[in-house]
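This is model00.txt (compact mmCIF, C-alpha atoms).
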```
# COMPACT_ATOMS: atom_id res chain seq x y z
CA MET A 210 38.68 227.39 80.78
CA LEU A 211 42.04 225.80 81.45
CA ALA A 212 42.27 227.46 84.83
CA TRP A 213 38.80 226.14 85.73
CA LEU A 214 39.87 222.60 84.80
CA ILE A 215 43.00 222.92 86.88
CA ASP A 216 40.94 224.09 89.88
CA ARG A 217 38.54 221.17 89.43
CA VAL A 218 41.36 218.64 89.27
CA THR A 219 43.06 220.15 92.27
CA TYR A 220 39.80 220.10 94.25
CA LEU A 221 39.21 216.47 93.35
CA ALA A 222 42.78 215.54 94.30
CA ASN A 223 42.47 217.21 97.67
CA ARG A 224 39.10 215.57 98.23
CA ILE A 225 40.45 212.15 97.37
CA THR A 226 43.43 212.71 99.70
CA THR A 227 41.10 213.71 102.54
CA LEU A 228 38.90 210.65 102.00
CA TRP A 229 41.98 208.35 101.80
CA ASN A 230 43.39 209.71 105.08
CA ALA A 231 40.02 209.30 106.79
CA ALA A 232 39.71 205.71 105.52
CA TRP A 233 43.24 204.92 106.61
CA ASP A 234 42.70 206.28 110.11
CA TRP A 235 39.45 204.27 110.43
CA ALA A 236 41.20 201.07 109.30
CA VAL A 237 44.15 201.60 111.69
CA TYR A 238 41.79 202.28 114.59
CA HIS A 239 39.67 199.20 113.99
CA ALA A 240 42.73 197.05 113.34
CA GLN A 241 44.34 198.16 116.60
CA LYS A 242 41.10 197.51 118.42
CA ALA A 243 40.81 194.01 116.89
CA TYR A 244 44.45 193.28 117.83
CA ASN A 245 43.93 194.41 121.41
CA ASN A 246 40.77 192.27 121.67
CA ALA A 247 42.64 189.24 120.23
CA VAL A 248 45.55 189.72 122.66
CA ALA A 249 43.20 189.97 125.59
CA TRP A 250 41.28 186.84 124.52
CA ALA A 251 44.48 184.88 123.84
CA SER A 252 45.93 185.90 127.21
CA GLY A 253 42.81 184.65 128.90
CA ARG A 254 42.89 181.36 126.96
CA ILE A 255 46.63 180.84 127.69
CA GLY A 256 45.99 181.36 131.38
CA VAL A 257 43.18 178.79 131.35
CA ILE A 258 45.25 176.28 129.33
CA SER A 259 48.33 176.78 131.55
CA SER A 260 46.24 176.17 134.63
CA THR A 261 44.70 173.07 133.07
CA VAL A 262 48.05 171.67 131.85
CA TRP A 263 49.66 172.20 135.24
CA SER A 264 46.78 170.42 136.93
CA LEU A 265 47.10 167.52 134.47
CA TYR A 266 50.89 167.42 134.97
CA SER A 267 50.55 167.33 138.76
CA ALA A 268 47.97 164.56 138.55
CA ALA A 269 50.10 162.54 136.06
CA LYS A 270 53.20 162.97 138.22
CA THR A 271 51.36 161.79 141.29
CA HIS A 272 49.91 158.78 139.42
CA ALA A 273 53.30 157.88 137.88
CA THR A 274 54.99 158.09 141.27
CA ASN A 275 52.39 155.81 142.81
CA LEU A 276 52.65 153.35 139.88
CA PHE A 277 56.47 153.32 140.06
CA ASN A 278 56.38 152.59 143.77
CA THR A 279 53.87 149.77 143.21
CA VAL A 280 55.91 148.23 140.34
CA SER A 281 59.17 148.52 142.29
CA SER A 282 57.61 146.72 145.22
CA ASN A 283 56.32 143.93 142.92
CA ILE A 284 59.66 143.61 141.12
CA LEU A 285 61.58 143.40 144.37
CA TYR A 286 59.18 140.76 145.61
CA TRP A 287 59.43 138.57 142.52
CA TYR A 288 63.20 139.11 142.35
CA ASN A 289 63.54 137.73 145.84
CA GLN A 290 61.28 134.83 144.89
CA ALA A 291 63.40 134.10 141.76
CA VAL A 292 66.67 134.26 143.72
CA SER A 293 65.31 131.81 146.26
CA ALA A 294 64.09 129.41 143.52
CA ALA A 295 67.40 129.67 141.61
CA GLN A 296 69.39 128.99 144.75
CA ALA A 297 67.27 125.93 145.48
CA LEU A 298 67.71 124.74 141.87
CA VAL A 299 71.49 125.24 142.02
CA ASN A 300 71.69 123.31 145.25
CA GLY A 301 69.64 120.48 143.70
CA VAL A 302 71.75 120.36 140.51
CA LYS A 303 74.92 120.43 142.57
CA SER A 304 73.72 117.49 144.65
CA VAL A 305 72.78 115.53 141.48
CA ALA A 306 76.11 116.37 139.82
CA ILE A 307 78.06 115.23 142.85
CA ALA A 308 76.12 111.97 142.91
CA LEU A 309 76.62 111.42 139.16
CA TYR A 310 80.33 112.25 139.46
CA ASN A 311 80.79 109.72 142.25
CA ASP A 312 78.86 107.06 140.29
CA GLY A 313 80.74 107.89 137.04
CA LEU A 314 84.09 107.81 138.79
CA ALA A 315 83.35 104.40 140.26
CA PHE A 316 82.14 103.15 136.82
CA ALA A 317 85.22 104.57 135.06
CA LEU A 318 87.59 103.05 137.60
CA TYR A 319 85.87 99.67 137.16
CA TRP A 320 86.23 99.69 133.35
CA PHE A 321 89.71 101.20 133.55
CA ASN A 322 90.84 98.32 135.71
CA ARG A 323 89.23 95.85 133.29
CA ALA A 324 90.87 97.64 130.31
CA VAL A 325 94.27 97.55 132.01
CA ALA A 326 93.88 93.87 132.68
CA GLY A 327 92.79 93.24 129.06
CA ALA A 328 95.66 95.31 127.69
CA GLN A 329 98.16 93.48 129.84
CA ALA A 330 96.79 90.15 128.62
CA LEU A 331 96.89 91.38 124.99
CA VAL A 332 100.48 92.64 125.36
CA LYS A 333 101.52 89.34 126.88
CA GLY A 334 99.83 87.46 124.03
CA VAL A 335 101.49 89.68 121.41
CA ILE A 336 104.88 89.21 123.08
CA ASP A 337 104.39 85.44 123.19
CA LEU A 338 103.28 85.42 119.53
CA ALA A 339 106.22 87.64 118.54
CA ASN A 340 108.62 85.29 120.31
CA VAL A 341 107.15 82.30 118.47
CA LEU A 342 107.24 84.11 115.13
CA PHE A 343 110.78 85.32 115.75
CA GLN A 344 111.94 81.79 116.52
CA LYS A 345 110.23 80.46 113.39
CA ALA A 346 111.60 83.35 111.30
CA LEU A 347 115.06 82.70 112.68
CA VAL A 348 114.82 79.01 111.78
CA PHE A 349 113.48 79.90 108.30
CA ALA A 350 116.23 82.51 107.79
CA LEU A 351 118.89 79.98 108.79
CA GLU A 352 117.40 77.44 106.38
CA GLN A 353 117.29 79.99 103.57
CA PHE A 354 120.85 81.08 104.38
CA ASP A 355 122.02 77.48 104.17
CA ARG A 356 120.19 77.07 100.85
CA ALA A 357 121.69 80.32 99.54
CA VAL A 358 125.16 79.21 100.60
CA ALA A 359 124.65 75.85 98.90
CA ALA A 360 123.35 77.53 95.73
CA ALA A 361 126.25 80.00 95.71
CA LYS A 362 128.70 77.15 96.21
CA ALA A 363 127.09 75.27 93.32
CA ILE A 364 127.37 78.37 91.09
CA VAL A 365 130.99 78.90 92.12
CA ASP A 366 131.81 75.23 91.57
CA GLY A 367 130.05 75.26 88.18
CA SER A 368 131.80 78.48 87.17
CA ALA A 369 135.15 77.05 88.27
CA ALA A 370 134.53 73.91 86.23
CA ILE A 371 133.62 76.01 83.17
CA ILE A 372 136.72 78.20 83.63
CA ASN A 373 138.93 75.14 83.96
CA ALA A 374 137.35 73.71 80.82
CA LEU A 375 138.02 76.98 79.04
CA ILE A 376 141.61 76.98 80.21
CA ASP A 377 142.08 73.37 79.07
CA ARG A 378 140.49 74.19 75.73
CA GLY A 379 142.74 77.21 75.46
CA LYS A 380 145.79 75.09 76.12
CA VAL A 381 144.74 72.68 73.37
CA GLU A 382 144.17 75.52 70.92
CA ILE A 383 147.54 77.05 71.87
CA GLU A 384 149.28 73.73 71.19
CA GLU A 385 147.46 73.43 67.88
CA PHE A 386 148.47 76.99 67.09
CA LYS A 387 152.10 76.24 67.94
CA THR A 388 152.23 73.30 65.55
CA SER A 389 150.98 75.53 62.74
CA VAL A 390 153.53 78.31 63.40
CA GLY A 391 156.63 78.53 61.18
CA LEU A 392 159.52 80.66 62.40
CA ASP A 393 160.69 81.32 58.81
CA GLU A 394 157.46 83.28 58.03
CA PRO A 395 157.47 86.92 59.28
CA VAL A 396 153.67 87.01 59.91
CA LYS A 397 153.61 83.85 61.97
CA ARG A 398 156.75 84.93 63.75
CA GLY A 399 155.09 88.24 64.73
CA THR A 400 151.99 86.39 65.99
CA LEU A 401 154.16 84.07 68.06
CA LEU A 402 156.08 87.07 69.42
CA GLN A 403 152.77 88.67 70.49
CA LEU A 404 151.75 85.45 72.27
CA LEU A 405 155.08 85.23 74.08
CA GLN A 406 155.05 88.89 75.12
CA SER A 407 151.46 88.87 76.52
CA PRO A 408 149.96 85.37 76.74
CA ALA A 409 146.93 86.47 78.77
CA SER A 410 145.96 89.29 76.36
CA PHE A 411 146.46 87.03 73.37
CA ILE A 412 144.31 84.24 74.82
CA LEU A 413 141.61 86.69 76.00
CA ALA A 414 141.40 88.32 72.56
CA TYR A 415 141.35 84.91 70.87
CA MET A 416 138.55 83.59 73.11
CA TRP A 417 136.70 86.86 73.82
CA ASP A 418 133.43 85.81 72.19
CA LYS A 419 133.26 82.55 74.15
CA PHE A 420 134.11 84.38 77.37
CA LEU A 421 131.30 86.94 76.84
CA GLU A 422 128.86 84.13 76.15
CA PHE A 423 129.93 82.45 79.39
CA LEU A 424 129.40 85.69 81.37
CA GLU A 425 125.93 86.17 79.86
CA TRP A 426 124.87 82.67 80.80
CA SER A 427 126.31 83.04 84.34
CA LEU A 428 124.34 86.29 84.82
CA ALA A 429 121.11 84.71 83.60
CA TYR A 430 121.66 81.73 85.91
CA ALA A 431 122.47 83.94 88.91
CA ILE A 432 119.29 86.08 88.62
CA GLY A 433 116.99 83.21 87.58
CA SER A 434 113.78 82.55 89.50
CA VAL A 435 110.77 80.23 89.49
CA ASP A 436 108.94 82.84 87.40
CA GLY A 437 111.28 82.55 84.42
CA ALA A 438 112.93 79.64 82.69
CA LEU A 439 116.74 79.68 82.62
CA PRO A 440 118.43 79.67 79.22
CA PRO A 441 120.03 76.35 78.24
CA LEU A 442 123.69 75.86 79.09
CA PRO A 443 125.63 76.82 75.93
CA ASN A 444 127.79 74.22 74.24
CA TRP A 445 130.89 76.40 74.12
CA PHE A 446 133.02 73.73 72.48
CA GLY A 447 130.41 72.37 70.07
CA THR A 448 128.60 73.85 67.10
CA GLY A 449 126.79 76.89 68.46
CA ASP A 450 123.70 77.11 70.68
CA GLY A 451 122.49 73.51 70.61
CA GLY A 452 121.80 73.05 66.90
CA ASP A 453 121.06 74.85 63.65
CA ILE A 454 118.70 77.84 63.65
CA PRO A 455 115.83 77.23 61.20
CA SER A 456 115.87 79.58 58.24
CA GLY A 457 112.95 81.91 57.57
CA THR A 458 111.30 82.71 54.25
CA GLY A 459 112.21 86.38 54.13
CA PRO A 460 114.63 88.09 51.77
CA PRO A 461 118.36 87.45 52.17
CA PRO A 462 120.49 89.64 54.47
CA GLY A 463 121.15 93.09 53.11
CA SER A 464 118.13 93.22 50.80
CA SER A 465 115.37 93.99 53.30
CA GLY A 466 116.08 97.67 53.88
CA LEU A 467 115.31 97.20 57.62
CA SER A 468 117.02 99.34 60.27
CA PRO A 469 118.72 97.62 63.22
CA PRO A 470 116.61 97.65 66.42
CA LEU A 471 119.66 98.29 68.64
CA ASP A 472 122.95 100.15 68.38
CA SER A 473 124.83 96.86 68.79
CA ILE A 474 123.43 93.52 67.59
CA ARG A 475 124.39 90.51 69.67
CA VAL A 476 122.37 87.32 70.19
CA SER A 477 122.26 86.66 73.93
CA GLY A 478 119.69 83.92 74.51
CA HIS A 479 117.14 81.73 72.81
CA PRO A 480 117.36 81.44 69.01
CA PHE A 481 114.53 81.29 66.46
CA ARG A 482 112.77 77.93 66.80
CA GLN A 483 109.43 76.22 67.28
CA GLY A 484 107.65 77.85 70.25
CA HIS A 485 110.03 80.86 70.17
CA PRO A 486 109.32 82.71 66.91
CA GLY A 487 112.05 85.29 67.44
CA ILE A 488 115.52 85.88 68.85
CA ASP A 489 116.86 87.43 72.07
CA LEU A 490 119.33 90.29 71.62
CA GLY A 491 121.56 91.47 74.48
CA LEU A 492 121.40 95.12 75.57
CA TRP A 493 122.31 97.47 78.39
CA MET A 494 119.58 98.47 80.85
CA ARG A 495 117.43 101.25 79.32
CA ALA A 496 119.23 101.11 75.96
CA SER A 497 117.29 102.73 73.10
CA VAL A 498 115.15 100.42 70.94
CA TYR A 499 114.45 101.56 67.36
CA ALA A 500 111.70 100.80 64.83
CA MET A 501 113.06 98.55 62.05
CA HIS A 502 110.66 99.90 59.41
CA GLU A 503 107.96 102.50 58.93
CA GLY A 504 104.41 101.60 59.89
CA ILE A 505 101.59 102.01 62.39
CA VAL A 506 101.88 101.05 66.06
CA GLU A 507 99.30 98.27 66.61
CA VAL A 508 100.04 97.63 70.30
CA ALA A 509 102.00 99.61 72.91
CA ASP A 510 101.06 98.10 76.27
CA TRP A 511 101.78 95.54 79.00
CA SER A 512 101.48 91.87 78.04
CA THR A 513 99.95 89.17 80.24
CA ALA A 514 101.65 86.49 78.13
CA GLY A 515 105.18 87.18 79.41
CA TYR A 516 106.34 89.91 76.99
CA GLY A 517 106.26 92.61 79.70
CA PHE A 518 106.04 96.05 78.12
CA TYR A 519 106.06 95.56 74.36
CA VAL A 520 105.41 97.32 71.04
CA GLN A 521 103.88 95.75 67.93
CA LEU A 522 104.47 97.57 64.61
CA ARG A 523 102.77 96.85 61.26
CA GLY A 524 103.98 98.12 57.87
CA THR A 525 103.18 97.30 54.24
CA GLU A 526 105.25 94.08 54.05
CA TRP A 527 106.89 93.97 57.45
CA TRP A 528 105.53 93.27 60.95
CA THR A 529 107.77 93.43 64.04
CA LEU A 530 107.39 92.92 67.81
CA TYR A 531 109.75 94.32 70.48
CA ALA A 532 109.34 92.84 74.00
CA HIS A 533 110.65 93.16 77.60
CA LEU A 534 110.90 96.99 77.39
CA ASP A 535 111.47 99.28 80.37
CA GLU A 536 109.56 102.23 78.87
CA ILE A 537 107.29 102.72 75.84
CA HIS A 538 107.70 105.97 73.91
CA VAL A 539 104.89 105.48 71.34
CA VAL A 540 101.12 104.95 71.49
CA ALA A 541 98.76 102.71 69.56
CA GLY A 542 97.79 104.24 66.21
CA GLN A 543 100.95 106.36 65.94
CA VAL A 544 102.86 106.38 62.64
CA VAL A 545 106.63 105.84 63.02
CA ASN A 546 109.56 105.78 60.62
CA ALA A 547 112.47 103.39 60.46
CA GLY A 548 115.03 104.37 63.11
CA ASP A 549 112.55 106.16 65.42
CA THR A 550 112.99 105.40 69.13
CA ILE A 551 109.98 103.38 70.29
CA GLY A 552 111.15 102.62 73.86
CA LEU A 553 113.96 101.63 76.23
CA GLY A 554 115.13 98.06 76.87
CA ASN A 555 114.94 96.19 80.16
CA SER A 556 113.86 92.79 81.54
CA THR A 557 110.12 93.17 82.20
CA GLY A 558 107.76 90.22 81.96
CA ASN A 559 108.98 86.60 81.81
CA SER A 560 112.67 87.40 81.56
CA THR A 561 115.86 86.44 83.38
CA GLY A 562 118.03 89.36 82.33
CA PRO A 563 118.09 92.52 80.20
CA HIS A 564 117.46 91.67 76.54
CA LEU A 565 115.23 92.49 73.57
CA HIS A 566 112.93 89.73 72.30
CA LEU A 567 112.49 90.48 68.58
CA GLU A 568 109.93 88.89 66.26
CA ILE A 569 109.63 89.60 62.52
CA LYS A 570 107.00 88.66 59.94
CA HIS A 571 107.43 89.17 56.20
CA ARG A 572 104.11 89.27 54.34
CA GLY A 573 102.39 87.56 57.27
CA THR A 574 104.94 84.74 57.83
CA TYR A 575 107.40 84.50 60.72
CA ILE A 576 111.03 84.62 59.64
CA ASP A 577 114.30 84.23 61.48
CA PRO A 578 115.43 87.77 62.34
CA LEU A 579 119.06 86.74 61.82
CA THR A 580 118.36 86.38 58.08
CA VAL A 581 117.65 90.10 57.77
CA LEU A 582 119.93 91.62 60.42
```
Spell out the structure here as structure tokens.
Amino acid sequence: MLAWLIDRVTYLANRITTLWNAAWDWAVYHAQKAYNNAVAWASGRIGVISSTVWSLYSAAKTHATNLFNTVSSNILYWYNQAVSAAQALVNGVKSVAIALYNDGLAFALYWFNRAVAGAQALVKGVIDLANVLFQKALVFALEQFDRAVAAAKAIVDGSAAIINALIDRGKVEIEEFKTSVGLDEPVKRGTLLQLLQSPASFILAYMWDKFLEFLEWSLAYAIGSVDGALPPLPNWFGTGDGGDIPSGTGPPPGSSGLSPPLDSIRVSGHPFRQGHPGIDLGLWMRASVYAMHEGIVEVADWSTAGYGFYVQLRGTEWWTLYAHLDEIHVVAGQVVNAGDTIGLGNSTGNSTGPHLHLEIKHRGTYIDPLTVL
């Protein structure tokens, strides 16, 4: 039974193999035939297409050549026409430009000649005017020079008279001093010996204050102008600066607790009086000015009333004003303490020389600053 099954399987396998080989051969044959038919048909189609394309190419080439020749001829024609028109236009523009240039040149020469003539007339007028002004300026300068010479001579003469008066006064005081000297007293004898050894130094030391006051007044007089009133001539041989200084209502000296406004206190000008509610203190240019008390800066600005640059300070009981400053070192609303630098001194505003105009109020009332300095 097993052998029969093996024979059947073998027979079937051989049969299947035979059928497969026959099918394969049939497929290969028909495939080859189909391929050969396709190649033949494609070859025929390619030949037809090639012939058609070549015919189209030849026709297109011929047409393009004819079109190119036609366009070239037209372009050459219109190019020649454009060149001719451009040449005619250039010739016309050139003719117009030449005509305009000739007309413009003639116009420019005409106005240039007129401008030259006008300039020459203007220069001549300016020269004539300058000559007139120079002559007037020369006359004015000579007049001013004569006035300056006269003023200088008056100052020199006045200074000489003052110096002579000082010398005469010094001689009188020396004589009075001699009559009071006793040679039997060692102190008086030493003073007399000092006078005999160096009279000039002795007299200068004895009269130094008066001499400084004289120099201050001479400086103020020399730099005075119509914008500022000159200080009154001091009465060097009388009782001070023209009368008593009115007393203020403030506390007595030494009890105020105020700081000095300057490093060195020296009255140099107008005293405290009606119309001048303060005193003028001498100072060097740009010397430091100090707050006399603590308080708030009310004003730190330029004054149109003659103070120049000034600072106004208000405290609890004290109110002070510092005028004719060169610089201000505080601002309105700033709190300062006694002794703080509030600015530098100068001669700004209605002033004839460097000084500090100082005003003081105590509890709202003006007082003489000398009573608290």
Pick from A:Gln521, A:Asn300, A:Asn546, A:Thr529, whichever lies nearest to Gly504 of chain A using all atoms listed in the file =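 Among A:Gln521, A:Asn300, A:Asn546, A:Thr529, it is A:Asn546 that comes nearest to Gly504 of chain A.
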Who sits within 8 Å of Gly478 of chain A, all atoms listed in the file, same chain under 4 positions skipped, as a PDB file with C-alpha atoms, in the coordinates of the input:
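Final file, part28.pdb:
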```pdb
ATOM      1  CA  PRO A 440     118.430  79.670  79.220  1.00  0.00           C
ATOM      2  CA  ILE A 488     115.520  85.880  68.850  1.00  0.00           C
ATOM      3  CA  ASP A 489     116.860  87.430  72.070  1.00  0.00           C
ATOM      4  CA  LEU A 490     119.330  90.290  71.620  1.00  0.00           C
ATOM      5  CA  GLY A 491     121.560  91.470  74.480  1.00  0.00           C
TER       6      GLY A 491
END
```
ask   = Any idea what the distance is between atom CA of Thr550 of chain A and atom CA of Val498 of chain A?
value = 5.7 Å
inquiry  = Considering only C-alpha atoms, can you say which of A:Ser468, A:Gln483, A:Thr525, A:Asn245 comes closest to His502 of chain A?
reply    =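 The answer is A:Ser468, which sits nearest to His502 of chain A.
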request  = Rounded to one decimal place, report the atom CA of Ile551 of chain A-atom CA of Asp472 of chain A distance in Å.
outcome  =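 Answer for the atom CA of Ile551 of chain A to atom CA of Asp472 of chain A separation: 13.5 Å.
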Atom CA of Tyr244 of chain A to atom CA of Thr261 of chain A, distance in Å rounded to a single decimal =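 Straight-line distance from atom CA of Tyr244 of chain A to atom CA of Thr261 of chain A works out to 25.3 Å.
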Surrounding residues of Leu565 of chain A excluding itself and chain neighbours under 4 positions, 8 Å, only C-alpha atoms, as a VMD selection string = chain A and resid 489 to 492 531 to 534 554 to 555
Return as lines of an AutoDock Vina configuration file the box centre and box size in Å, one decimal, for an axis-aligned box around all listed atoms of segment 239-252 of chain A padded by 5 Å per side.
```
center_x = 42.8
center_y = 192.0
center_z = 120.3
size_x = 16.3
size_y = 24.3
size_z = 23.9
```
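The protein and nucleic acid residues lying at most 7 Å from Leu522 of chain A are Gly504, Ile505, Val506, Glu507, Trp528, Thr529 and Leu530 of chain A, with only C-alpha atoms considered and sequence neighbours fewer than 4 positions away removed.
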request  = Tell me, as a VMD selection string, which residues lie within 8 Å of Glu536 of chain A, counting all atoms listed in the file; anything in the same chain fewer than 5 positions away does not count.
outcome  = chain A and resid 495 518 552 to 554
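Distances here use only C-alpha atoms; by that measure, the residue among A:Ala240, A:Ser497, A:His479, A:Leu467 closest to Val581 of chain A is A:Leu467.
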Per residue of segment 513-545 of chain A within 6 Å of segment 557-561 of chain A, record the nearest atom pair and its distance in Å to one decimal, counting all atoms listed in the file, with rows in chain order and ascending residue number, as CSV.
```
residue,atom,partner,partner_atom,distance
A:Gly515,CA,A:Asn559,CA,4.5
A:Tyr516,CA,A:Gly558,CA,5.2
A:Gly517,CA,A:Gly558,CA,3.6
A:His533,CA,A:Thr557,CA,4.6
```
ask   = So, counting only C-alpha atoms, which residue among A:Gln543, A:Pro470, A:Val257, A:Val476 is closest to Ala496 of chain A?
value = A:Pro470
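Of the residues under consideration (A:Gly487, A:Pro480, A:Gly301, A:Pro469), A:Gly487 shows the shortest atom-to-atom contact distance to Ile576 of chain A when counting all atoms listed in the file.
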Save segment 266-348 of chain A of the structure in the block above to a file, with C-alpha atoms included, as a PDB file, in the first residue's frame.
```
ATOM      1  CA  TYR A 266      12.528  71.422 -37.732  1.00  0.00           C
ATOM      2  CA  SER A 267      13.446  72.250 -41.329  1.00  0.00           C
ATOM      3  CA  ALA A 268      10.291  74.304 -41.757  1.00  0.00           C
ATOM      4  CA  ALA A 269      10.834  76.140 -38.425  1.00  0.00           C
ATOM      5  CA  LYS A 270      14.470  76.855 -39.299  1.00  0.00           C
ATOM      6  CA  THR A 271      13.493  78.247 -42.660  1.00  0.00           C
ATOM      7  CA  HIS A 272      10.745  80.410 -41.109  1.00  0.00           C
ATOM      8  CA  ALA A 273      13.052  81.654 -38.319  1.00  0.00           C
ATOM      9  CA  THR A 274      15.758  82.538 -40.820  1.00  0.00           C
ATOM     10  CA  ASN A 275      13.294  84.500 -42.929  1.00  0.00           C
ATOM     11  CA  LEU A 276      11.883  86.261 -39.834  1.00  0.00           C
ATOM     12  CA  PHE A 277      15.387  87.140 -38.565  1.00  0.00           C
ATOM     13  CA  ASN A 278      16.332  88.616 -41.910  1.00  0.00           C
ATOM     14  CA  THR A 279      13.109  90.656 -41.991  1.00  0.00           C
ATOM     15  CA  VAL A 280      13.579  91.931 -38.399  1.00  0.00           C
ATOM     16  CA  SER A 281      17.244  92.757 -39.004  1.00  0.00           C
ATOM     17  CA  SER A 282      16.315  94.780 -42.055  1.00  0.00           C
ATOM     18  CA  ASN A 283      13.622  96.680 -40.079  1.00  0.00           C
ATOM     19  CA  ILE A 284      15.953  97.295 -37.127  1.00  0.00           C
ATOM     20  CA  LEU A 285      18.709  98.601 -39.369  1.00  0.00           C
ATOM     21  CA  TYR A 286      16.231 100.880 -41.080  1.00  0.00           C
ATOM     22  CA  TRP A 287      14.832 102.351 -37.875  1.00  0.00           C
ATOM     23  CA  TYR A 288      18.328 102.592 -36.375  1.00  0.00           C
ATOM     24  CA  ASN A 289      19.413 104.735 -39.284  1.00  0.00           C
ATOM     25  CA  GLN A 290      16.259 106.819 -38.889  1.00  0.00           C
ATOM     26  CA  ALA A 291      16.940 107.287 -35.130  1.00  0.00           C
ATOM     27  CA  VAL A 292      20.585 108.242 -35.727  1.00  0.00           C
ATOM     28  CA  SER A 293      19.527 110.847 -38.269  1.00  0.00           C
ATOM     29  CA  ALA A 294      16.866 112.286 -35.906  1.00  0.00           C
ATOM     30  CA  ALA A 295      19.294 112.327 -32.937  1.00  0.00           C
ATOM     31  CA  GLN A 296      21.939 114.070 -35.001  1.00  0.00           C
ATOM     32  CA  ALA A 297      19.428 116.693 -36.083  1.00  0.00           C
ATOM     33  CA  LEU A 298      18.307 117.144 -32.446  1.00  0.00           C
ATOM     34  CA  VAL A 299      21.909 117.500 -31.235  1.00  0.00           C
ATOM     35  CA  ASN A 300      22.626 120.076 -33.887  1.00  0.00           C
ATOM     36  CA  GLY A 301      19.490 122.010 -32.871  1.00  0.00           C
ATOM     37  CA  VAL A 302      20.308 121.880 -29.146  1.00  0.00           C
ATOM     38  CA  LYS A 303      23.872 122.919 -29.857  1.00  0.00           C
ATOM     39  CA  SER A 304      22.665 125.926 -31.852  1.00  0.00           C
ATOM     40  CA  VAL A 305      20.235 126.912 -29.042  1.00  0.00           C
ATOM     41  CA  ALA A 306      22.922 126.452 -26.373  1.00  0.00           C
ATOM     42  CA  ILE A 307      25.376 128.606 -28.286  1.00  0.00           C
ATOM     43  CA  ALA A 308      22.749 131.313 -28.669  1.00  0.00           C
ATOM     44  CA  LEU A 309      21.812 131.137 -24.962  1.00  0.00           C
ATOM     45  CA  TYR A 310      25.487 131.190 -23.953  1.00  0.00           C
ATOM     46  CA  ASN A 311      26.129 134.298 -26.027  1.00  0.00           C
ATOM     47  CA  ASP A 312      23.012 136.009 -24.615  1.00  0.00           C
ATOM     48  CA  GLY A 313      23.861 134.916 -21.029  1.00  0.00           C
ATOM     49  CA  LEU A 314      27.447 136.072 -21.377  1.00  0.00           C
ATOM     50  CA  ALA A 315      26.329 139.485 -22.580  1.00  0.00           C
ATOM     51  CA  PHE A 316      23.750 139.682 -19.713  1.00  0.00           C
ATOM     52  CA  ALA A 317      26.346 138.604 -17.120  1.00  0.00           C
ATOM     53  CA  LEU A 318      28.906 141.093 -18.382  1.00  0.00           C
ATOM     54  CA  TYR A 319      26.282 143.857 -18.192  1.00  0.00           C
ATOM     55  CA  TRP A 320      25.351 143.098 -14.564  1.00  0.00           C
ATOM     56  CA  PHE A 321      28.981 142.431 -13.633  1.00  0.00           C
ATOM     57  CA  ASN A 322      29.923 145.885 -14.835  1.00  0.00           C
ATOM     58  CA  ARG A 323      26.994 147.379 -12.905  1.00  0.00           C
ATOM     59  CA  ALA A 324      27.973 145.375  -9.771  1.00  0.00           C
ATOM     60  CA  VAL A 325      31.586 146.538 -10.049  1.00  0.00           C
ATOM     61  CA  ALA A 326      30.445 150.116 -10.358  1.00  0.00           C
ATOM     62  CA  GLY A 327      28.096 149.708  -7.360  1.00  0.00           C
ATOM     63  CA  ALA A 328      30.792 148.042  -5.284  1.00  0.00           C
ATOM     64  CA  GLN A 329      33.267 150.773  -6.098  1.00  0.00           C
ATOM     65  CA  ALA A 330      30.717 153.396  -5.074  1.00  0.00           C
ATOM     66  CA  LEU A 331      29.944 151.466  -1.854  1.00  0.00           C
ATOM     67  CA  VAL A 332      33.643 151.096  -1.005  1.00  0.00           C
ATOM     68  CA  LYS A 333      34.184 154.790  -1.600  1.00  0.00           C
ATOM     69  CA  GLY A 334      31.198 155.618   0.622  1.00  0.00           C
ATOM     70  CA  VAL A 335      32.446 153.282   3.370  1.00  0.00           C
ATOM     71  CA  ILE A 336      35.926 154.800   3.163  1.00  0.00           C
ATOM     72  CA  ASP A 337      34.493 158.315   3.357  1.00  0.00           C
ATOM     73  CA  LEU A 338      32.270 157.319   6.297  1.00  0.00           C
ATOM     74  CA  ALA A 339      35.204 155.609   8.036  1.00  0.00           C
ATOM     75  CA  ASN A 340      37.315 158.732   7.598  1.00  0.00           C
ATOM     76  CA  VAL A 341      34.565 160.875   9.113  1.00  0.00           C
ATOM     77  CA  LEU A 342      34.036 158.452  11.994  1.00  0.00           C
ATOM     78  CA  PHE A 343      37.772 158.177  12.593  1.00  0.00           C
ATOM     79  CA  GLN A 344      38.105 161.948  12.765  1.00  0.00           C
ATOM     80  CA  LYS A 345      35.157 162.183  15.168  1.00  0.00           C
ATOM     81  CA  ALA A 346      36.499 159.272  17.237  1.00  0.00           C
ATOM     82  CA  LEU A 347      39.896 160.919  17.347  1.00  0.00           C
ATOM     83  CA  VAL A 348      38.376 164.194  18.544  1.00  0.00           C
TER      84      VAL A 348
END
```
